$ cat query-v8.cif   # mmCIF, C-alpha atoms (C1' of nucleotides)
data_coords
loop_
_atom_site.label_atom_id
_atom_site.label_comp_id
_atom_site.auth_asym_id
_atom_site.auth_seq_id
_atom_site.Cartn_x
_atom_site.Cartn_y
_atom_site.Cartn_z
CA MET A 968 29.22 -30.74 139.89
CA LEU A 969 27.71 -33.86 141.38
CA VAL A 970 26.20 -33.70 144.87
CA ALA A 971 24.83 -36.88 146.41
CA THR A 972 23.03 -38.18 149.48
CA TRP A 973 23.02 -41.75 150.78
CA ASN A 974 21.72 -43.36 153.95
CA ILE A 975 24.43 -45.98 154.17
CA ASN A 976 23.08 -47.85 157.25
CA GLY A 977 26.42 -48.34 158.96
CA VAL A 978 29.60 -46.98 157.39
CA LYS A 979 31.79 -49.68 158.94
CA ALA A 980 29.57 -52.49 157.67
CA ARG A 981 29.31 -50.81 154.26
CA LEU A 982 32.86 -49.63 153.57
CA ASP A 983 33.41 -51.83 150.50
CA ALA A 984 30.15 -50.69 148.93
CA LEU A 985 30.92 -47.06 149.74
CA LEU A 986 34.37 -47.20 148.14
CA ALA A 987 33.04 -49.01 145.06
CA TRP A 988 30.25 -46.47 144.63
CA LEU A 989 32.59 -43.48 145.12
CA ASP A 990 34.97 -44.91 142.49
CA GLU A 991 32.10 -45.44 140.08
CA ARG A 992 30.34 -42.14 140.66
CA GLN A 993 33.10 -39.63 141.50
CA PRO A 994 30.76 -37.12 143.16
CA ASP A 995 32.10 -33.77 144.37
CA VAL A 996 30.22 -33.83 147.68
CA VAL A 997 28.48 -36.77 149.39
CA GLY A 998 26.26 -36.60 152.46
CA LEU A 999 25.98 -39.86 154.40
CA GLN A 1000 23.39 -40.70 157.03
CA GLU A 1001 23.17 -43.43 159.65
CA ILE A 1002 26.91 -43.91 159.77
CA LYS A 1003 26.30 -45.61 163.17
CA SER A 1004 29.80 -44.78 164.29
CA VAL A 1005 31.60 -42.48 166.65
CA ASP A 1006 33.97 -40.13 164.84
CA GLU A 1007 37.09 -42.00 165.99
CA GLN A 1008 35.94 -45.37 164.61
CA LEU A 1009 35.01 -44.19 161.14
CA PRO A 1010 37.31 -45.73 158.48
CA ARG A 1011 38.77 -42.32 157.80
CA ALA A 1012 42.17 -43.46 156.48
CA GLU A 1013 40.57 -45.66 153.78
CA LEU A 1014 38.74 -42.61 152.48
CA GLU A 1015 41.50 -40.05 152.92
CA LYS A 1016 44.05 -42.12 151.02
CA ARG A 1017 41.65 -41.96 148.07
CA GLY A 1018 41.59 -38.19 148.34
CA TRP A 1019 38.36 -37.60 150.25
CA HIS A 1020 37.96 -34.95 152.87
CA VAL A 1021 35.89 -36.40 155.69
CA GLU A 1022 33.79 -34.41 158.15
CA THR A 1023 31.63 -36.26 160.64
CA HIS A 1024 29.02 -35.79 163.31
CA GLY A 1025 29.00 -39.26 164.75
CA GLN A 1026 27.23 -41.01 167.60
CA LYS A 1027 27.62 -44.38 169.30
CA GLY A 1028 25.47 -47.15 167.89
CA PHE A 1029 23.01 -45.29 165.73
CA ASN A 1030 22.30 -42.04 163.86
CA GLY A 1031 25.39 -40.12 162.74
CA VAL A 1032 26.01 -38.10 159.57
CA ALA A 1033 29.06 -37.24 157.48
CA LEU A 1034 30.16 -35.13 154.52
CA LEU A 1035 32.77 -36.40 152.06
CA SER A 1036 34.22 -33.99 149.51
CA LYS A 1037 36.98 -33.69 146.98
CA VAL A 1038 37.89 -30.22 148.24
CA ALA A 1039 38.12 -29.18 151.87
CA PRO A 1040 35.18 -27.17 153.20
CA LEU A 1041 35.53 -23.42 153.78
CA SER A 1042 33.33 -23.65 156.89
CA LEU A 1043 31.48 -26.35 158.79
CA GLU A 1044 28.62 -26.69 161.29
CA ARG A 1045 27.44 -29.79 163.10
CA ARG A 1046 24.14 -28.91 164.71
CA LEU A 1047 20.65 -27.95 163.63
CA PRO A 1048 19.89 -24.80 165.65
CA GLY A 1049 16.95 -24.50 168.01
CA ALA A 1050 17.46 -27.21 170.65
CA PRO A 1051 20.79 -27.02 172.51
CA GLY A 1052 19.91 -30.11 174.57
CA ASP A 1053 19.33 -32.37 171.54
CA GLU A 1054 22.18 -34.87 171.64
CA GLN A 1055 21.20 -36.86 168.53
CA SER A 1056 23.68 -36.51 165.66
CA ARG A 1057 21.48 -35.78 162.67
CA PHE A 1058 22.83 -32.70 160.91
CA ILE A 1059 26.03 -31.41 159.33
CA GLU A 1060 26.55 -28.65 156.80
CA ALA A 1061 29.47 -27.04 155.01
CA VAL A 1062 30.32 -24.39 152.43
CA TYR A 1063 32.57 -25.43 149.54
CA ALA A 1064 34.33 -23.59 146.74
CA LEU A 1065 33.24 -25.49 143.64
CA ASP A 1066 33.05 -24.57 139.98
CA GLY A 1067 34.34 -21.07 140.69
CA GLY A 1068 31.72 -20.18 143.32
CA ARG A 1069 30.52 -21.06 146.77
CA VAL A 1070 27.87 -23.66 147.47
CA ARG A 1071 26.37 -24.62 150.83
CA VAL A 1072 25.53 -28.29 151.36
CA ALA A 1073 23.55 -29.57 154.34
CA CYS A 1074 23.18 -33.28 155.15
CA LEU A 1075 20.36 -34.37 157.44
CA TYR A 1076 18.94 -37.51 159.01
CA LEU A 1077 15.42 -36.58 159.97
CA PRO A 1078 13.86 -38.55 162.85
CA ASN A 1079 11.76 -41.56 161.92
CA GLY A 1080 8.95 -40.62 164.33
CA ASN A 1081 7.44 -44.05 164.93
CA PRO A 1082 5.41 -45.09 166.74
CA LEU A 1083 2.63 -42.53 166.45
CA GLY A 1084 1.29 -41.10 169.69
CA THR A 1085 4.67 -41.13 171.39
CA GLU A 1086 7.35 -38.54 172.10
CA LYS A 1087 9.18 -39.90 169.05
CA PHE A 1088 6.56 -38.46 166.70
CA THR A 1089 6.58 -35.17 168.60
CA TYR A 1090 10.37 -35.10 168.28
CA LYS A 1091 10.06 -35.60 164.52
CA LEU A 1092 7.63 -32.71 164.12
CA ASP A 1093 9.68 -30.46 166.43
CA TRP A 1094 12.79 -31.32 164.40
CA MET A 1095 10.99 -30.44 161.17
CA ALA A 1096 9.95 -27.08 162.63
CA ARG A 1097 13.58 -26.39 163.54
CA LEU A 1098 14.61 -27.40 160.02
CA GLU A 1099 12.08 -25.02 158.49
CA ALA A 1100 13.39 -22.13 160.59
CA HIS A 1101 16.97 -22.96 159.66
CA ALA A 1102 16.19 -23.33 155.97
CA LYS A 1103 14.48 -19.95 156.01
CA THR A 1104 17.65 -18.37 157.43
CA ARG A 1105 19.85 -20.11 154.90
CA LEU A 1106 17.67 -19.06 151.96
CA GLU A 1107 18.19 -15.43 152.97
CA GLU A 1108 21.90 -15.97 152.31
CA GLU A 1109 21.08 -16.37 148.58
CA LEU A 1110 23.91 -18.86 148.00
CA PRO A 1111 23.35 -22.02 146.00
CA PHE A 1112 22.12 -24.24 148.84
CA VAL A 1113 21.52 -28.00 148.80
CA LEU A 1114 19.44 -29.36 151.70
CA MET A 1115 19.57 -33.11 151.34
CA GLY A 1116 19.33 -36.36 153.23
CA ASP A 1117 17.05 -39.01 154.63
CA TYR A 1118 13.90 -37.00 155.35
CA ASN A 1119 11.88 -39.99 156.52
CA VAL A 1120 8.89 -38.43 154.77
CA ILE A 1121 6.92 -39.92 151.86
CA PRO A 1122 5.72 -36.68 150.26
CA GLN A 1123 2.95 -37.90 147.95
CA PRO A 1124 1.00 -41.04 146.96
CA GLU A 1125 3.20 -41.41 143.86
CA ASP A 1126 6.19 -41.81 146.17
CA VAL A 1127 5.02 -45.15 147.62
CA ARG A 1128 4.14 -48.45 145.97
CA GLU A 1129 1.59 -49.50 148.60
CA PRO A 1130 0.15 -46.37 150.23
CA ALA A 1131 -2.33 -48.36 152.31
CA ALA A 1132 0.52 -50.06 154.16
CA TRP A 1133 1.81 -46.70 155.41
CA THR A 1134 -1.34 -44.95 156.62
CA ASN A 1135 -0.46 -45.49 160.29
CA ASP A 1136 3.23 -44.77 159.84
CA ALA A 1137 5.00 -41.55 160.86
CA LEU A 1138 6.59 -41.32 157.38
CA TYR A 1139 3.23 -40.80 155.70
CA GLN A 1140 1.23 -38.82 158.27
CA PRO A 1141 -0.55 -35.65 157.15
CA GLU A 1142 1.50 -33.67 159.71
CA SER A 1143 4.81 -35.03 158.37
CA ARG A 1144 3.82 -34.38 154.78
CA ALA A 1145 2.56 -30.87 155.58
CA ALA A 1146 5.86 -30.04 157.28
CA TYR A 1147 7.70 -31.24 154.16
CA ARG A 1148 5.45 -29.05 151.99
CA ARG A 1149 6.23 -26.08 154.23
CA LEU A 1150 9.90 -26.52 153.29
CA LEU A 1151 8.98 -26.44 149.61
CA HIS A 1152 6.81 -23.38 150.18
CA LEU A 1153 9.86 -21.49 151.45
CA GLY A 1154 11.12 -21.67 147.87
CA LEU A 1155 13.00 -24.97 147.86
CA THR A 1156 12.77 -27.28 144.83
CA ASP A 1157 12.49 -31.07 145.11
CA ALA A 1158 15.22 -32.01 142.61
CA VAL A 1159 13.86 -35.44 141.68
CA ARG A 1160 10.43 -34.08 140.87
CA ALA A 1161 11.88 -31.11 138.98
CA ALA A 1162 14.18 -33.24 136.82
CA SER A 1163 12.05 -36.30 136.09
CA ASP A 1164 8.47 -37.32 135.50
CA ALA A 1165 9.35 -40.98 135.91
CA GLY A 1166 7.24 -43.15 138.17
CA GLU A 1167 8.48 -45.45 140.92
CA THR A 1168 11.40 -43.19 141.82
CA TYR A 1169 11.92 -45.02 145.09
CA THR A 1170 15.01 -44.65 147.28
CA PHE A 1171 14.28 -47.21 150.04
CA TRP A 1172 13.23 -50.85 150.06
CA ASP A 1173 12.81 -52.67 153.36
CA TYR A 1174 15.06 -55.66 154.02
CA GLN A 1175 11.97 -57.65 154.99
CA ALA A 1176 9.23 -59.44 153.10
CA GLY A 1177 10.93 -59.33 149.70
CA SER A 1178 10.41 -55.59 149.30
CA TRP A 1179 13.29 -55.19 146.85
CA PRO A 1180 12.45 -58.03 144.40
CA LYS A 1181 8.81 -56.91 144.53
CA ASN A 1182 9.85 -53.25 144.08
CA ASN A 1183 7.78 -52.38 147.12
CA GLY A 1184 9.63 -49.11 147.72
CA ILE A 1185 9.19 -45.61 149.02
CA ARG A 1186 10.81 -42.25 148.18
CA ILE A 1187 12.13 -40.71 151.39
CA ASP A 1188 15.65 -39.52 150.48
CA HIS A 1189 15.34 -36.06 149.04
CA VAL A 1190 17.52 -33.29 147.61
CA LEU A 1191 16.01 -29.83 148.03
CA LEU A 1192 17.54 -26.89 146.16
CA SER A 1193 17.48 -23.17 146.82
CA PRO A 1194 16.53 -21.03 143.79
CA GLU A 1195 20.22 -20.29 143.20
CA ALA A 1196 20.94 -24.04 143.07
CA ALA A 1197 17.76 -25.02 141.22
CA VAL A 1198 18.64 -22.88 138.19
CA ARG A 1199 21.80 -24.97 137.87
CA LEU A 1200 20.00 -28.32 137.91
CA GLN A 1201 21.00 -30.50 134.96
CA GLY A 1202 19.70 -33.86 136.06
CA VAL A 1203 19.09 -36.35 138.83
CA SER A 1204 20.00 -40.00 139.24
CA ILE A 1205 18.71 -42.52 141.74
CA ASP A 1206 21.40 -45.19 141.83
CA ARG A 1207 19.04 -48.08 142.42
CA HIS A 1208 21.45 -50.71 141.12
CA VAL A 1209 23.34 -50.31 144.40
CA ARG A 1210 20.38 -51.93 146.19
CA GLY A 1211 21.19 -55.15 144.32
CA TRP A 1212 24.78 -55.32 145.54
CA GLU A 1213 25.95 -57.78 148.16
CA LYS A 1214 25.18 -56.67 151.74
CA PRO A 1215 23.37 -53.51 150.57
CA SER A 1216 22.04 -50.60 152.57
CA ASP A 1217 18.23 -50.46 152.50
CA HIS A 1218 18.57 -46.98 150.92
CA VAL A 1219 20.24 -46.05 147.61
CA PRO A 1220 22.16 -42.88 146.65
CA VAL A 1221 20.43 -39.91 145.05
CA VAL A 1222 22.72 -37.77 142.89
CA VAL A 1223 22.08 -34.30 141.46
CA ASP A 1224 24.08 -32.68 138.68
CA LEU A 1225 24.44 -28.90 139.06
CA ARG A 1226 26.25 -27.05 136.31
CA ALA A 1227 28.85 -24.37 137.01
"C1'" DA B 770 -2.79 -63.02 160.84
"C1'" DT B 771 1.99 -62.61 161.79
"C1'" DG B 772 6.71 -62.13 160.94
"C1'" DA B 773 9.95 -61.60 158.05
"C1'" DC B 774 15.98 -58.13 158.05
"C1'" DG B 775 20.04 -55.91 159.49
"C1'" DA B 776 23.59 -53.09 162.34
"C1'" DG B 777 25.51 -52.16 166.71
"C1'" DC B 778 26.77 -53.50 171.15
"C1'" DG B 779 28.95 -57.05 173.09
"C1'" DT B 780 28.50 -61.90 173.70
"C1'" DG B 781 22.73 -62.90 174.58
"C1'" DG B 782 19.33 -60.68 173.33
"C1'" DC B 783 18.25 -56.34 173.47
"C1'" DT B 784 17.46 -51.30 170.83
"C1'" DC B 785 16.64 -49.06 166.79
"C1'" DG B 786 15.18 -48.45 162.26
"C1'" DA B 787 11.16 -47.78 158.27
#
$ encode --input "query-v8.cif" --output "structure tokens"
Amino acid sequence: MLVATWNINGVKARLDALLAWLDERQPDVVGLQEIKSVDEQLPRAELEKRGWHVETHGQKGFNGVALLSKVAPLSLERRLPGAPGDEQSRFIEAVYALDGGRVRVACLYLPNGNPLGTEKFTYKLDWMARLEAHAKTRLEEELPFVLMGDYNVIPQPEDVREPAAWTNDALYQPESRAAYRRLLHLGLTDAVRAASDAGETYTFWDYQAGSWPKNNGIRIDHVLLSPEAAVRLQGVSIDRHVRGWEKPSDHVPVVVDLRA
DNA sequence: ATGACGAGCGTGGCTCGA
């Protein structure tokens, strides 16, 4: 089965690219981030007439996440536990029956956290602590579990073309990177690193300053796998050609292949 | 040295992102 994550940067502005990529890729489950749409304004009919089940956790103007799937989910949740007052739409997860078994897929849009020294960075770290607690609970379930999305964390120096440009950025702070490592230490596997030793496995290139033609990228979109999912890992693809399309998102899809 | 791009909201120039 193919499970994919993509920060689409506006699902209404990117519908043509989304449909083209879905046709080309035919994934079983897709997590989208930054749909920047309320649930009612998402182009649901365009997707449903092509056979996609659509589950959303939208928000006006920014944020917003969604799960598309070929089969309907068995169960669905729309919030990351731990902060009932948090109104930002950044998390959705579902259980699917695929390949003769159940698999849980969570799609997240982790806070950016900039600028440093503000409540935005605190919110990022608090959100990561909530994510760690939730992941720990989910791992106890011992289902194949895919925890994927836009983490807004550059894990390691090899995940950024120009590390010096990011030293004062929330995406590359020691605290952000340590929180990401704590997720791995729970027993989650970073699928890209497990499946490939390739360099320059970037997933984001800024719109500005010619970042894409210069390949000045970063790796911030990640697919983490529970042990039960990691043993099924066949391969990973970063669909970087999508960044060269007309009116692209600044992120590209990351796709994992898990065997039955 | 700085800004640079893009979406959304909603109609002018903000906020937000990374």
$ resolve_selection --input "query-v8.cif" --expression "the PyMOL selection byres ((chain A) within 6 of (chain B))" --output "VMD selection string"
chain A and resid 1028 1174 to 1176
$ resolve_selection --input "query-v8.cif" --expression "the PyMOL selection byres ((chain A and resi 1108-1123) around 6)" --output "MDAnalysis selection string"
chainID A and resid 972 1070:1077 1079 1105:1107 1124:1126 1138:1139 1144 1186:1193 1195:1196
$ atom_distance --input "query-v8.cif" --atom1 "atom CA of A:Arg1045" --atom2 "atom CA of A:His1024"
6.2 Å
$ residues_around --input "query-v8.cif" --residues "A:Val1127" --least-positions-apart "5" --cutoff "8 Å" --atoms "all atoms listed in the file" --output "ChimeraX atom specification"
/A:1121,1167,1169,1183-1186
$ atom_distance --input "query-v8.cif" --atom1 "atom CA of A:Arg1160" --atom2 "atom CA of A:Asp1093"
25.8 Å
